[in-house]
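Input: a single structure, listed below in structure tokens.
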Amino acid sequence: MIGNEALDQARDPDAQAPAWPPVREATPLDRYRIKRGRDGEVLTCIEAPTVTIRIKHGFCVTASAARSFASGSIFLDGAAQGEPFIDPKRQVYNLDHHEGCVRAFTLATCEQAMVLIRKGLDLRKRDWTVYANDPDLDTILAIWVLLNHIRLNELNGKTRVRIMPLLRLQGLIDAQGLEMKDLCGLPPELLAETQASIDELRARELALKKRGRWQASDLLRFTADRLRAIDRLVYPPKHFDDVAEIDELVRAEIAGGSVAIVCRASAGIYEVERQLRRLHGRRLGLIVLQTNPAAYSLRQVDPYLPASLEKVYAHLNLIDPEAGGHRSGNRWGGSAEIGGSPRATGTRVSPEQIAQVCEQAFSAPTLLRRVGRTLTAALRGASVMAAALGLAFILRVLDDRVGLGSGMAPSLASQFPLLLAGLGGTFFLLSGSRTPGVYGLRRLAGLDWCLVVPFAMFGALAGGVWVPAIPLAAPGWAELLALVTLPVAGELIFRGLVQGSLLTSFPIQKCGGPWFLSRPAVIAAALYAAWGAVLQHLPVALTQTMLGGPAPILGALVFGVAAGLARERSESIVSPILLHWIGIAAVLLARTGCM
């Protein structure tokens, strides 16, 4: 092992040069992982979670293409055809000593990697992808340096002392050849030890090439095996005993360049926090620790983030099918600094969903994203409305021309509510079954939503509720069913599908919280009023306002906003449906009184 003992012997000219010890067969902690990503397998290290290694036979890009690669790209030893370069502005680097340079005066790739790390490149500040095409020992040592960058920058320098003789000798041999190895400046004893180590590390590579199996070999697994061998040479057997083995599942960028990390580990949240602080530095903002597939602990590490865990809990309680309503004890919750998932049943949200919630909670959605969500919500409502209208007209045409459905639907105004309720209810249930909190598939929470009843009634009497234009003097079963189902259909579509689609993109009210006019409630009300105006001019016409004039649109806006506020404060779609039914009753009573 390259260590202090070897250096002490190097200082004593009479000391006998010991044979290089064989590579030990076991490592206390296997730090290297091969994971399958969207673009194939990659190599990672649990102590360098921001660095991903990609190795592929024959991979090579031109120099101009390399400079145009995504930020955070590092090319090793011929993966980019061109001169070595550093681009700190774009954070793209080519570590090479083949083309576009004086090879005799240029450090090999492994030594360039060490210089890059020691000159201050902090690989913790962003994600990096390292590209290689032929994992010879020079390339493998460069990868080892990048993956061990934290330990190489430690103040005590012990890891650097152990690895530098190996880097210096292999770098010189790779750049100048064996005959020049005396230029490395190592004492004879240490030179012999280091050469023996190089021979040991290269033995498998040479054996594969000799048997003609190099091109067919699994380069990632070969590289991982050689990295473990270097670990056994450099680190003492118990060196990693205090390292918590953390498997990062998802990492999300949140406010101010901070990161939220969803991970799993056998250690507790505070041990995990200590380890992740070391691996990510000041970027670490939030930890979500998976203790089992259905249980998580949350810890806000950075107290200066623009929000707290309270906002994360609120978002998760909306999307988690296992989370109960406002009065339920089975919810995400805790303090502003530490909390967890529902205790009784656990959670059914995935690590990816949790990371997305953290991103949304700490980073306000962009204007473009909000516009996109608004357009999507409007399109969802329009699709259901148009489909119901289309089916209603088709059935009416078939009934008029060929007699199909005769007696089943006395009028188009009676058919349309049933079709709208069927289609709207189907889409609502499909969406709500996955995220019931978002779409209001919950029991009523509290009673403060009742404070909007007077405003809803004003809007209803001004023509804001949807009442089918059907004869009520002697109604049949279809007319009565239409009278009941049209309000349900309208609320499922506009306070359910439309408003629910916007709840995670805008601030909303909550039961017992402060009152304010949320944008999801206003947008849903505006679309509700617009479609009400459209339906007034179709054969499925709704009844006109009791007040006359242009009041129906104003009434629909007032009623829609009141229903939307009730939907948010009650956490349930039931409250706007009740308001709509009560509004219809008020309209019918007022009409009867006028008559």
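Chains: A, B, ... in order of the structure tokens. Residues: from 1 per chain. Ligands: from 1, in order shown.
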Please list as an mmCIF file with C-alpha atoms, in the first residue's frame every residue within 9 Å of Asn94 of chain A, counting only C-alpha atoms and excluding residues in the same chain fewer than 2 positions away.
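Written out: part_27.cif:
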data_model
loop_
_atom_site.group_PDB
_atom_site.id
_atom_site.type_symbol
_atom_site.label_atom_id
_atom_site.label_comp_id
_atom_site.auth_asym_id
_atom_site.auth_seq_id
_atom_site.Cartn_x
_atom_site.Cartn_y
_atom_site.Cartn_z
ATOM 1 C CA ALA A 63 -13.637 19.211 -30.499
ATOM 2 C CA ALA A 66 -17.400 18.775 -27.120
ATOM 3 C CA ARG A 67 -17.363 22.527 -26.494
ATOM 4 C CA SER A 73 -19.514 17.615 -19.135
ATOM 5 C CA ILE A 74 -16.003 16.218 -18.652
ATOM 6 C CA PHE A 75 -14.267 14.261 -21.443
ATOM 7 C CA LEU A 76 -11.418 11.885 -20.629
ATOM 8 C CA ASP A 77 -8.451 10.680 -22.646
ATOM 9 C CA GLY A 78 -9.669 10.799 -26.258
ATOM 10 C CA ALA A 79 -13.438 10.924 -25.732
ATOM 11 C CA ALA A 80 -13.210 14.328 -27.438
ATOM 12 C CA GLY A 82 -9.089 17.785 -29.887
ATOM 13 C CA GLU A 83 -6.776 19.681 -27.627
ATOM 14 C CA PRO A 84 -7.255 19.637 -23.855
ATOM 15 C CA PHE A 85 -9.281 22.630 -22.725
ATOM 16 C CA ILE A 86 -11.122 24.085 -19.761
ATOM 17 C CA ASP A 87 -14.237 26.214 -20.154
ATOM 18 C CA VAL A 92 -17.059 21.872 -19.875
ATOM 19 C CA ASP A 96 -6.482 14.718 -22.742
#
Who sits within 8 Å of Arg228 of chain A, only C-alpha atoms, same chain under 3 positions skipped, as an NGL selection string: :A and (27 or 30 or 32 or 224-225 or 231-232)
Export of prior selection with C-alpha atoms as an mmCIF file, in the first residue's frame:
data_model
loop_
_atom_site.group_PDB
_atom_site.id
_atom_site.type_symbol
_atom_site.label_atom_id
_atom_site.label_comp_id
_atom_site.auth_asym_id
_atom_site.auth_seq_id
_atom_site.Cartn_x
_atom_site.Cartn_y
_atom_site.Cartn_z
ATOM 1 C CA THR A 27 -13.410 -3.786 0.714
ATOM 2 C CA ASP A 30 -18.474 -1.024 -1.718
ATOM 3 C CA TYR A 32 -19.413 2.095 -6.475
ATOM 4 C CA ALA A 224 -15.938 -0.458 -11.030
ATOM 5 C CA ASP A 225 -13.814 -3.497 -10.217
ATOM 6 C CA ASP A 231 -9.577 1.740 -2.944
ATOM 7 C CA ARG A 232 -7.982 -1.299 -1.330
#
Contacts of segment 353-364 of chain A within 6 Å, only C-alpha atoms, excl. fewer than 4 positions in-chain, as a PyMOL selection string: chain A and resi 252+254-255+307+311-312
Export, as a short mmCIF file (atom, residue, chain, number, x, y, z; two decimals), in the first residue's frame, the selected residues with C-alpha atoms.
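What follows is the written file selection29.cif:
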data_model
loop_
_atom_site.label_atom_id
_atom_site.label_comp_id
_atom_site.auth_asym_id
_atom_site.auth_seq_id
_atom_site.Cartn_x
_atom_site.Cartn_y
_atom_site.Cartn_z
CA ALA A 252 -34.40 18.13 -7.32
CA ILE A 254 -35.16 24.06 -5.40
CA ALA A 255 -34.82 27.73 -4.52
CA ALA A 307 -40.60 28.51 2.44
CA LYS A 311 -45.89 24.16 2.36
CA VAL A 312 -44.48 20.74 1.44
#
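Using only C-alpha atoms, the nearest neighbour of Leu444 of chain A within the list A:Ser575, A:Ser518, A:Asn330, A:Gln509 is A:Ser575.
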Residue among A:Ser335, A:Arg126, A:Leu152, A:Ala113 lying closest to Ser71 of chain A, counting only C-alpha atoms: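 Under the stated criterion, the closest residue is A:Arg126.
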Minimum-distance residue to Tyr235 of chain A, chosen among A:Phe494, A:Pro436, A:Ala142, A:Leu29 (using only C-alpha atoms):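 Of A:Phe494, A:Pro436, A:Ala142, A:Leu29, the one nearest Tyr235 of chain A, counting only C-alpha atoms, is A:Leu29.
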Within 6 Å of segment 134-138 of chain A using only C-alpha atoms, minus same-chain residues under 2 positions, as a VMD selection string: chain A and resid 110 140 to 141
Selection export as a tab-separated table (two decimals), in the first residue's frame, atoms kept: C-alpha atoms:
chain	number	residue	atom	x	y	z
A	110	CYS	CA	-5.12	11.23	-14.44
A	140	ILE	CA	-9.52	4.71	-14.54
A	141	LEU	CA	-7.24	6.70	-12.27
Residue nearest Trp581 of chain A - candidates A:Glu99, A:Glu322, A:Glu491, A:Asp199, atoms counted: only C-alpha atoms: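 Going through A:Glu99, A:Glu322, A:Glu491, A:Asp199 one by one, the smallest distance to Trp581 of chain A is for A:Glu491.
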Extract, using only C-alpha atoms, all DNA, RNA and protein residues at most 9 Å from segment 381-391 of chain A, discarding same-chain residues fewer than 6 positions from it, and format them as a short mmCIF file (atom, residue, chain, number, x, y, z; two decimals) with N, CA and C atoms, in the first residue's frame.
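Below is the file out13.cif, written as the result:
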data_model
loop_
_atom_site.label_atom_id
_atom_site.label_comp_id
_atom_site.auth_asym_id
_atom_site.auth_seq_id
_atom_site.Cartn_x
_atom_site.Cartn_y
_atom_site.Cartn_z
N PHE A 416 -78.95 16.45 -22.29
CA PHE A 416 -77.62 17.02 -22.12
C PHE A 416 -77.10 16.90 -20.69
N PRO A 417 -77.88 17.23 -19.64
CA PRO A 417 -77.36 17.09 -18.27
C PRO A 417 -76.92 15.67 -17.94
N LEU A 418 -77.68 14.67 -18.43
CA LEU A 418 -77.32 13.28 -18.15
C LEU A 418 -76.01 12.91 -18.84
N LEU A 419 -75.84 13.32 -20.09
CA LEU A 419 -74.60 13.03 -20.81
C LEU A 419 -73.43 13.77 -20.17
N LEU A 420 -73.65 15.04 -19.80
CA LEU A 420 -72.58 15.81 -19.20
C LEU A 420 -72.17 15.22 -17.86
N ALA A 421 -73.14 14.77 -17.07
CA ALA A 421 -72.83 14.16 -15.78
C ALA A 421 -72.07 12.85 -15.97
N GLY A 422 -72.48 12.08 -16.98
CA GLY A 422 -71.79 10.81 -17.23
C GLY A 422 -70.34 11.00 -17.64
N LEU A 423 -70.11 11.89 -18.62
CA LEU A 423 -68.75 12.12 -19.09
C LEU A 423 -67.91 12.84 -18.03
N GLY A 424 -68.47 13.91 -17.45
CA GLY A 424 -67.73 14.65 -16.44
C GLY A 424 -67.41 13.80 -15.23
N PHE A 427 -64.46 11.29 -16.09
CA PHE A 427 -63.14 11.93 -16.08
C PHE A 427 -62.74 12.36 -14.67
N ILE A 493 -67.00 19.36 -13.25
CA ILE A 493 -66.12 19.81 -14.33
C ILE A 493 -65.33 21.05 -13.91
N PHE A 494 -66.02 22.05 -13.40
CA PHE A 494 -65.34 23.34 -13.19
C PHE A 494 -64.69 23.46 -11.80
N LEU A 497 -62.48 19.18 -12.04
CA LEU A 497 -61.41 18.99 -13.02
C LEU A 497 -60.61 20.27 -13.27
N VAL A 498 -61.31 21.37 -13.58
CA VAL A 498 -60.61 22.61 -13.94
C VAL A 498 -59.88 23.20 -12.74
N LEU A 527 -64.34 30.43 -16.57
CA LEU A 527 -64.67 29.42 -17.58
C LEU A 527 -66.11 28.92 -17.41
N TRP A 531 -68.90 29.28 -20.39
CA TRP A 531 -69.67 28.16 -20.93
C TRP A 531 -71.16 28.32 -20.66
N VAL A 540 -79.90 23.57 -25.75
CA VAL A 540 -79.90 23.05 -24.38
C VAL A 540 -79.97 24.20 -23.39
#
For Val115 of chain A: contacts at 12 Å, only C-alpha atoms, fewer than 6 positions along chain excluded, given as a PyMOL selection string: chain A and resi 86+95+107-109+121+142+145-146+149+152-153+160+164+167-168
Residues of segment 94-172 of chain A in strand (DSSP E), written as a PyMOL selection string: chain A and resi 94-95+128-132
Point-to-point distance from atom CA of Gly256 of chain A to atom CA of Ile508 of chain A, Å rounded to tenths: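 Atom CA of Gly256 of chain A sits 23.6 Å away from atom CA of Ile508 of chain A.
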Minimum-distance residue to Arg327 of chain A, chosen among A:Val534, A:Val234, A:Leu289, A:Ala445 (using only C-alpha atoms): A:Ala445
